[in-house]
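Report on the following structure.
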Amino acid sequence: MKANIGIGENHLQAVAEKLQVLLADEQVLYTKTRNYHWNVVGDNFAEMHAFYEGQYNELAEIVDEVAERIRMIGHYSTGRLVDFLKLTNLLEPEYTNVQSQQIKNLLDDHETIIRNLREMITEFADKQKDLGTSDFVTGLMRQHEKMAWMLRSYITK
(Lines give C-alpha, C1' and ligand atoms only; values in the text may rest on other atoms or scores of the structure.)
Protein backbone atom coordinates (compact mmCIF):
# COMPACT_ATOMS: atom_id res chain seq x y z
CA MET A 1 0.00 0.00 0.00
CA LYS A 2 1.35 3.40 -0.97
CA ALA A 3 1.85 6.10 1.62
CA ASN A 4 -0.88 8.76 1.63
CA ILE A 5 1.08 11.50 3.41
CA GLY A 6 0.24 14.56 1.34
CA ILE A 7 3.15 14.26 -1.10
CA GLY A 8 2.62 13.22 -4.71
CA GLU A 9 3.85 9.80 -5.79
CA ASN A 10 6.21 11.32 -8.35
CA HIS A 11 7.83 13.36 -5.56
CA LEU A 12 8.05 10.34 -3.24
CA GLN A 13 9.60 8.29 -6.05
CA ALA A 14 12.27 10.97 -6.62
CA VAL A 15 13.03 11.13 -2.89
CA ALA A 16 13.20 7.34 -2.61
CA GLU A 17 15.65 7.16 -5.53
CA LYS A 18 17.98 9.69 -3.86
CA LEU A 19 17.67 7.88 -0.55
CA GLN A 20 18.60 4.57 -2.23
CA VAL A 21 21.90 6.15 -3.31
CA LEU A 22 22.41 7.52 0.19
CA LEU A 23 21.68 4.06 1.61
CA ALA A 24 24.32 2.58 -0.68
CA ASP A 25 26.85 5.24 0.37
CA GLU A 26 26.13 4.63 4.05
CA GLN A 27 26.47 0.86 3.65
CA VAL A 28 29.76 1.14 1.77
CA LEU A 29 31.13 3.57 4.38
CA TYR A 30 29.97 1.27 7.19
CA THR A 31 31.75 -1.70 5.58
CA LYS A 32 34.92 0.29 4.96
CA THR A 33 34.98 1.53 8.56
CA ARG A 34 34.43 -2.00 9.86
CA ASN A 35 37.25 -3.26 7.64
CA TYR A 36 39.61 -0.66 9.09
CA HIS A 37 38.51 -1.65 12.61
CA TRP A 38 39.49 -5.24 11.86
CA ASN A 39 42.79 -4.39 10.18
CA VAL A 40 44.16 -1.41 12.07
CA VAL A 41 47.76 -1.69 13.33
CA GLY A 42 50.10 0.59 15.22
CA ASP A 43 51.17 1.65 18.67
CA ASN A 44 47.72 3.16 19.23
CA PHE A 45 45.90 0.01 18.08
CA ALA A 46 43.50 -0.14 21.05
CA GLU A 47 42.50 3.51 20.65
CA MET A 48 41.90 3.26 16.89
CA HIS A 49 40.19 -0.12 17.17
CA ALA A 50 37.70 1.41 19.63
CA PHE A 51 37.42 4.64 17.61
CA TYR A 52 36.51 2.79 14.42
CA GLU A 53 34.07 0.63 16.35
CA GLY A 54 32.26 3.71 17.63
CA GLN A 55 32.05 5.09 14.12
CA TYR A 56 30.78 1.91 12.49
CA ASN A 57 28.19 1.45 15.23
CA GLU A 58 26.88 4.95 14.52
CA LEU A 59 26.89 4.19 10.79
CA ALA A 60 24.95 0.96 11.39
CA GLU A 61 22.21 3.03 13.03
CA ILE A 62 22.23 5.46 10.11
CA VAL A 63 21.96 2.62 7.56
CA ASP A 64 18.91 1.30 9.39
CA GLU A 65 17.30 4.74 9.65
CA VAL A 66 17.79 5.49 5.94
CA ALA A 67 16.32 2.11 4.93
CA GLU A 68 13.36 2.67 7.25
CA ARG A 69 12.81 6.21 5.90
CA ILE A 70 12.54 4.75 2.40
CA ARG A 71 9.89 2.35 3.71
CA MET A 72 8.06 5.16 5.56
CA ILE A 73 7.52 7.00 2.29
CA GLY A 74 6.10 3.86 0.67
CA HIS A 75 9.02 2.30 -1.18
CA TYR A 76 11.17 -0.79 -0.72
CA SER A 77 14.79 -0.41 0.36
CA THR A 78 17.70 -1.75 -1.59
CA GLY A 79 19.43 -4.54 0.30
CA ARG A 80 21.76 -6.44 -2.01
CA LEU A 81 25.48 -5.71 -1.98
CA VAL A 82 25.64 -5.76 -5.77
CA ASP A 83 23.00 -3.01 -5.88
CA PHE A 84 24.82 -0.93 -3.25
CA LEU A 85 27.99 -1.08 -5.32
CA LYS A 86 26.11 0.02 -8.45
CA LEU A 87 24.48 2.96 -6.67
CA THR A 88 27.24 4.29 -4.43
CA ASN A 89 29.13 7.54 -5.00
CA LEU A 90 32.03 6.21 -2.91
CA LEU A 91 35.19 4.47 -4.08
CA GLU A 92 36.58 1.24 -2.73
CA PRO A 93 40.35 1.70 -2.54
CA GLU A 94 42.90 -1.07 -2.19
CA TYR A 95 43.34 -2.60 1.25
CA THR A 96 45.48 -0.57 3.63
CA ASN A 97 46.44 -0.85 7.27
CA VAL A 98 48.21 2.54 7.21
CA GLN A 99 46.20 4.58 9.71
CA SER A 100 46.77 7.92 7.98
CA GLN A 101 45.43 6.49 4.72
CA GLN A 102 42.50 4.81 6.44
CA ILE A 103 41.55 8.08 8.11
CA LYS A 104 41.93 10.02 4.85
CA ASN A 105 39.75 7.49 3.00
CA LEU A 106 37.01 7.66 5.63
CA LEU A 107 37.16 11.45 5.82
CA ASP A 108 36.83 11.73 2.03
CA ASP A 109 33.75 9.50 2.16
CA HIS A 110 32.09 11.43 4.98
CA GLU A 111 32.73 14.71 3.17
CA THR A 112 31.25 13.29 -0.05
CA ILE A 113 28.14 12.23 1.85
CA ILE A 114 27.93 15.63 3.59
CA ARG A 115 28.04 17.48 0.27
CA ASN A 116 25.34 15.20 -1.16
CA LEU A 117 23.16 15.57 1.94
CA ARG A 118 23.45 19.35 1.75
CA GLU A 119 22.01 19.23 -1.78
CA MET A 120 19.24 16.83 -0.72
CA ILE A 121 18.08 19.12 2.09
CA THR A 122 16.95 21.86 -0.25
CA GLU A 123 15.86 19.53 -3.06
CA PHE A 124 13.61 17.51 -0.77
CA ALA A 125 12.08 20.63 0.79
CA ASP A 126 11.77 22.90 -2.23
CA LYS A 127 11.43 20.65 -5.26
CA GLN A 128 9.89 17.47 -3.80
CA LYS A 129 7.80 19.16 -1.07
CA ASP A 130 8.96 16.57 1.50
CA LEU A 131 9.85 18.54 4.61
CA GLY A 132 10.03 15.40 6.76
CA THR A 133 12.76 13.82 4.68
CA SER A 134 14.52 17.17 4.35
CA ASP A 135 14.61 17.39 8.15
CA PHE A 136 15.74 13.76 8.36
CA VAL A 137 18.73 14.28 6.05
CA THR A 138 19.62 17.51 7.89
CA GLY A 139 20.08 15.42 11.02
CA LEU A 140 22.20 12.91 9.11
CA MET A 141 24.37 15.73 7.81
CA ARG A 142 25.07 16.85 11.39
CA GLN A 143 26.05 13.30 12.35
CA HIS A 144 28.43 13.01 9.41
CA GLU A 145 29.89 16.44 10.12
CA LYS A 146 30.72 15.31 13.65
CA MET A 147 32.25 12.03 12.50
CA ALA A 148 34.28 13.91 9.87
CA TRP A 149 35.50 16.37 12.49
CA MET A 150 36.66 13.50 14.67
CA LEU A 151 38.51 11.91 11.76
CA ARG A 152 39.98 15.27 10.76
CA SER A 153 41.38 15.69 14.30
CA TYR A 154 43.74 12.75 13.67
CA ILE A 155 45.31 14.45 10.64
CA THR A 156 48.37 16.43 11.67
CA LYS A 157 49.16 18.15 8.36
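Convention: chains lettered A, B, ... in C-alpha coordinates order; per-chain residue numbering from 1; ligands numbered from 1 as shown.
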
Enumerate, as a VMD selection string, the complete set of residues in chain A that a backbone-based DSSP assignment places in helix (DSSP H, G or I). chain A and resid 9 to 39 45 to 72 81 to 87 99 to 127 131 to 152

Taking only C-alpha atoms into account, produce a table as a Markdown table in which each residue of segment 91-135 of chain A with an atom at most 10 Å from an atom of segment 40-61 of chain A appears once, together with its shortest atom pair and the distance in Å to one decimal, ordered by chain and rising number.
```
| residue | atom | partner | partner_atom | distance |
| --- | --- | --- | --- | --- |
| A:Thr96 | CA | A:Val40 | CA | 8.6 |
| A:Asn97 | CA | A:Val40 | CA | 5.3 |
| A:Val98 | CA | A:Val41 | CA | 7.4 |
| A:Gln99 | CA | A:Val40 | CA | 6.7 |
| A:Gln102 | CA | A:Val40 | CA | 8.6 |
| A:Ile103 | CA | A:Tyr52 | CA | 9.7 |
```

Close residues, segment 122-129 of chain A itself excluded, 10 Å, only C-alpha atoms, min 4 positions apart in chain, as a list in words: Gly6, Ile7, Gly8, Glu9, Asn10, His11, Leu12, Gln13, Ala14, Val15, Lys18, Leu117, Arg118, Thr133, Ser134, Asp135, Val137 and Thr138 of chain A

Skip Val28 of chain A itself and residues of its chain fewer than 3 positions away, then list as a PyMOL selection string all residues within 9 Å of it, counting only C-alpha atoms. chain A and resi 23-25+31-33+81+84-85+88+90-92

Could you please take those selected residues and save N, CA, C and O atoms as an mmCIF file, in the first residue's frame?
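Result saved to result.cif:
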```cif
data_model
loop_
_atom_site.group_PDB
_atom_site.id
_atom_site.type_symbol
_atom_site.label_atom_id
_atom_site.label_comp_id
_atom_site.auth_asym_id
_atom_site.auth_seq_id
_atom_site.Cartn_x
_atom_site.Cartn_y
_atom_site.Cartn_z
ATOM 1 N N LEU A 23 21.596 5.336 0.911
ATOM 2 C CA LEU A 23 21.681 4.059 1.614
ATOM 3 C C LEU A 23 22.907 3.277 1.144
ATOM 4 O O LEU A 23 23.642 2.707 1.956
ATOM 5 N N ALA A 24 23.150 3.267 -0.141
ATOM 6 C CA ALA A 24 24.325 2.578 -0.683
ATOM 7 C C ALA A 24 25.610 3.216 -0.155
ATOM 8 O O ALA A 24 26.537 2.512 0.272
ATOM 9 N N ASP A 25 25.663 4.542 -0.153
ATOM 10 C CA ASP A 25 26.848 5.236 0.369
ATOM 11 C C ASP A 25 27.076 4.903 1.837
ATOM 12 O O ASP A 25 28.205 4.638 2.262
ATOM 13 N N THR A 31 30.902 -0.539 5.841
ATOM 14 C CA THR A 31 31.751 -1.696 5.577
ATOM 15 C C THR A 31 33.227 -1.306 5.579
ATOM 16 O O THR A 31 34.071 -2.019 6.132
ATOM 17 N N LYS A 32 33.536 -0.175 4.987
ATOM 18 C CA LYS A 32 34.924 0.291 4.958
ATOM 19 C C LYS A 32 35.425 0.581 6.368
ATOM 20 O O LYS A 32 36.545 0.211 6.734
ATOM 21 N N THR A 33 34.598 1.215 7.181
ATOM 22 C CA THR A 33 34.981 1.528 8.560
ATOM 23 C C THR A 33 35.180 0.246 9.359
ATOM 24 O O THR A 33 36.134 0.124 10.134
ATOM 25 N N LEU A 81 24.175 -6.344 -1.861
ATOM 26 C CA LEU A 81 25.485 -5.714 -1.982
ATOM 27 C C LEU A 81 25.776 -5.289 -3.416
ATOM 28 O O LEU A 81 26.327 -4.214 -3.652
ATOM 29 N N PHE A 84 24.121 -2.015 -3.948
ATOM 30 C CA PHE A 84 24.819 -0.928 -3.252
ATOM 31 C C PHE A 84 26.034 -0.479 -4.059
ATOM 32 O O PHE A 84 26.285 0.721 -4.204
ATOM 33 N N LEU A 85 26.786 -1.432 -4.579
ATOM 34 C CA LEU A 85 27.994 -1.078 -5.323
ATOM 35 C C LEU A 85 27.679 -0.371 -6.637
ATOM 36 O O LEU A 85 28.461 0.450 -7.102
ATOM 37 N N THR A 88 26.426 3.439 -5.291
ATOM 38 C CA THR A 88 27.238 4.292 -4.426
ATOM 39 C C THR A 88 28.037 5.359 -5.183
ATOM 40 O O THR A 88 28.447 5.142 -6.330
ATOM 41 N N LEU A 90 30.747 6.383 -3.587
ATOM 42 C CA LEU A 90 32.032 6.206 -2.915
ATOM 43 C C LEU A 90 32.910 5.213 -3.659
ATOM 44 O O LEU A 90 32.417 4.327 -4.349
ATOM 45 N N LEU A 91 34.211 5.365 -3.462
ATOM 46 C CA LEU A 91 35.192 4.474 -4.079
ATOM 47 C C LEU A 91 35.634 3.426 -3.078
ATOM 48 O O LEU A 91 35.655 3.680 -1.874
ATOM 49 N N GLU A 92 36.000 2.270 -3.582
ATOM 50 C CA GLU A 92 36.578 1.236 -2.733
ATOM 51 C C GLU A 92 38.064 1.138 -3.080
ATOM 52 O O GLU A 92 38.429 0.523 -4.080
#
```

Under the rule that only C-alpha atoms are counted, which of A:Tyr36, A:Ala148, A:Arg115, A:Tyr76 is the nearest residue to Gln101 of chain A?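 Nearest candidate to Gln101 of chain A out of A:Tyr36, A:Ala148, A:Arg115, A:Tyr76: A:Tyr36.
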